[in-house]
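Below is one structure, written out as structure tokens; the observations come after it.
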Amino acid sequence: MKLNRIETILATGIYLFALVLIFSNEGRAGVTRSAASLMGYATVIYGAYLAFTQWISPVFFRERKIDLAIAFTLSLFFLVWLGLTTCVWVRDHHWNDGQFVAHLKRGESLGGALLVFLLLFVYEGIKRLVRYLQQTQSTLVTRITKESLVVLGGGAMVFVMLLAIEDDLAIFWLSLVPYVYLVFALNIYWLLPLKEKKRYTLTSYLLIAIGVAFVAFIPSGVFFLNVTGSAGPVYFVIWICITLIVLPLVNFVYQQQRVRIGQLVNLQTELGHTSAGLSFLRSQINPHFLFNILNTLYGTALQEDAERTSAGIQKLGDMMRFMLHENNQDRILLAREIEYLRNYIDLQLLRTATSPDITVECDIKDALESTYVAPMLLIPFVENAFKHGISLNEKSWIKVSLYESEGNVYFDVHNSIHRKSESDPERRHSGVGLENVKQRLAMLYPNRHELVIRETTQEYFVHLTVQL
């Protein structure tokens with residue numbers, strides 16, 4: 001929920017509470033002049049608060065429209081002055097009294113209007129200071145400062161409203177707000193962390209917290225008793241009631257903060273592992289693939305003239321540019337992945353073109369330009385087919401099929417199998433590329449892919465469906 005909406009809800013709640021309190025205290029015999037005047041005070045202050053904080057300040061001052069901001073602020077000031085004068089006139093005279101202009105010239109309503117706008121400017125200044133502190137490095141001092149400013153600004157506005165209703169109630173609020181925040185800060189930032197660090201029991205914590213709360217309440221209680229002249233027992237009743245409310249509430253807030261912090265830490269850890277895992281998996285695929293292609297080009301250069309070799313090098317250059325510029329992206333166009341796949345197959349055909357017993361069939365359809373896929377997702381299956389399915393001495397075959405339909409990619413690879421001899425160093429390789437692509441599919445397309453792999457003594461079949 002946005003801050004402006006929270007401010008409006010809180011201000012409206014306080015305003016309605018003030019109206020109910022005024023009516024219950026002074027309106028039992030009907031709407032008296034005094035009750036009507038106090039309700040008017042609350043309404044004028046509430047309206048000025050909404051107009052200034054929700055319209056003039058964000059629309060004009062924050063957007064640097066200073067001329068309009070000053071004009072609307074002065075207009076609002078005169079409206080508040082006029083409203084407060086009306087409240088004084090209703091309070092002191094009958095409804096049809098004609099002394100309204102005389103009341104307008106008196107200093108009571110003018111002073112009240114000046115006080116209201118002074119508090120509004122202070123409140124907006126506190127809000128801007130809080131926003132500035134939010135942009136700075138977050139430390140315990142800045143956090144306590146921000147919270148103190150918010151409490152000070154909100155408490156001052158409520159104090160002014162209560163002061164127009166009942167002096168003792170306003171004094172009670174003025175003494176209560178600093179105490180409640182002090183107990184909150186001491187428990188959140190000191191006592192509760194200390195309880196966990198030292199592993200205090202609940203009884204030990206409560207004894208310490210109650211003792212700290214009592215000491216913190218002494219200045220507030222002394223101030224309240226001296227100003228209001230209330231009886232001593234009221235001091236202890238108020239302290240006990242507030243403490244019974246504040247301590248459980250603080251403990252609840254602290255536990256909720258711990259849960260949220262734990263969730264954020266776990267999420268950051270999982271994201272770090274996932275990003276590192278994806279980068280590592282990609283780095284495992286690429287070097288192995290490049291070595292295979294370089295070996296193929298080397299063999300082609302020995303067997304053929306420079307024309308075929310140059311064509312192969314050109315395709316390899318296109319593929320290397322792909323890996324350098326696009327392989328590190330999270331998503332690429334499916335058309336670029338298909339182009340990379342075709343270049344790889346064309347390079348492998350340079351090696352197998354002179355062998356009549358090797359058959360390679362490709363049915364790779366073009367993809368829509370708006371379709372995206374994770375890079376290097378398909379090539380490991382084709383690479384595996386050429387690695388284990390091709391023999392220059394025996395009959396071999398590979399079939400590759402790929403097409404896109406309604407947001408799904410259907411990919412099939414079917415190849416013969418030729419077991420490596422015991423002396424072949426490739427025999428000891430365990431197919432890291434395929435394991436990596438399985439992990440990438442699980443990370444990037446959870447519950448959105450189907451991978452079927454079947455193997456016999458002579459054939460190997462892969463079917464992959466990915467929902468993009």
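We label chains A, B, ... in the order they appear in the structure tokens, count residues from 1 in each chain, and number ligands from 1 in the order shown.
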
List as a PyMOL selection string the protein and nucleic acid residues near Val180 (chain A), meaning an atom at most 9 Å away when only C-alpha atoms are counted, but skip any in the same chain fewer than 2 places from it. chain A and resi 176-178+182-185+217+242-243+246

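Taking CA of Gly112 (chain A) and CA of Phe60 (chain A) as the two end points, the separation is 24.5 Å.
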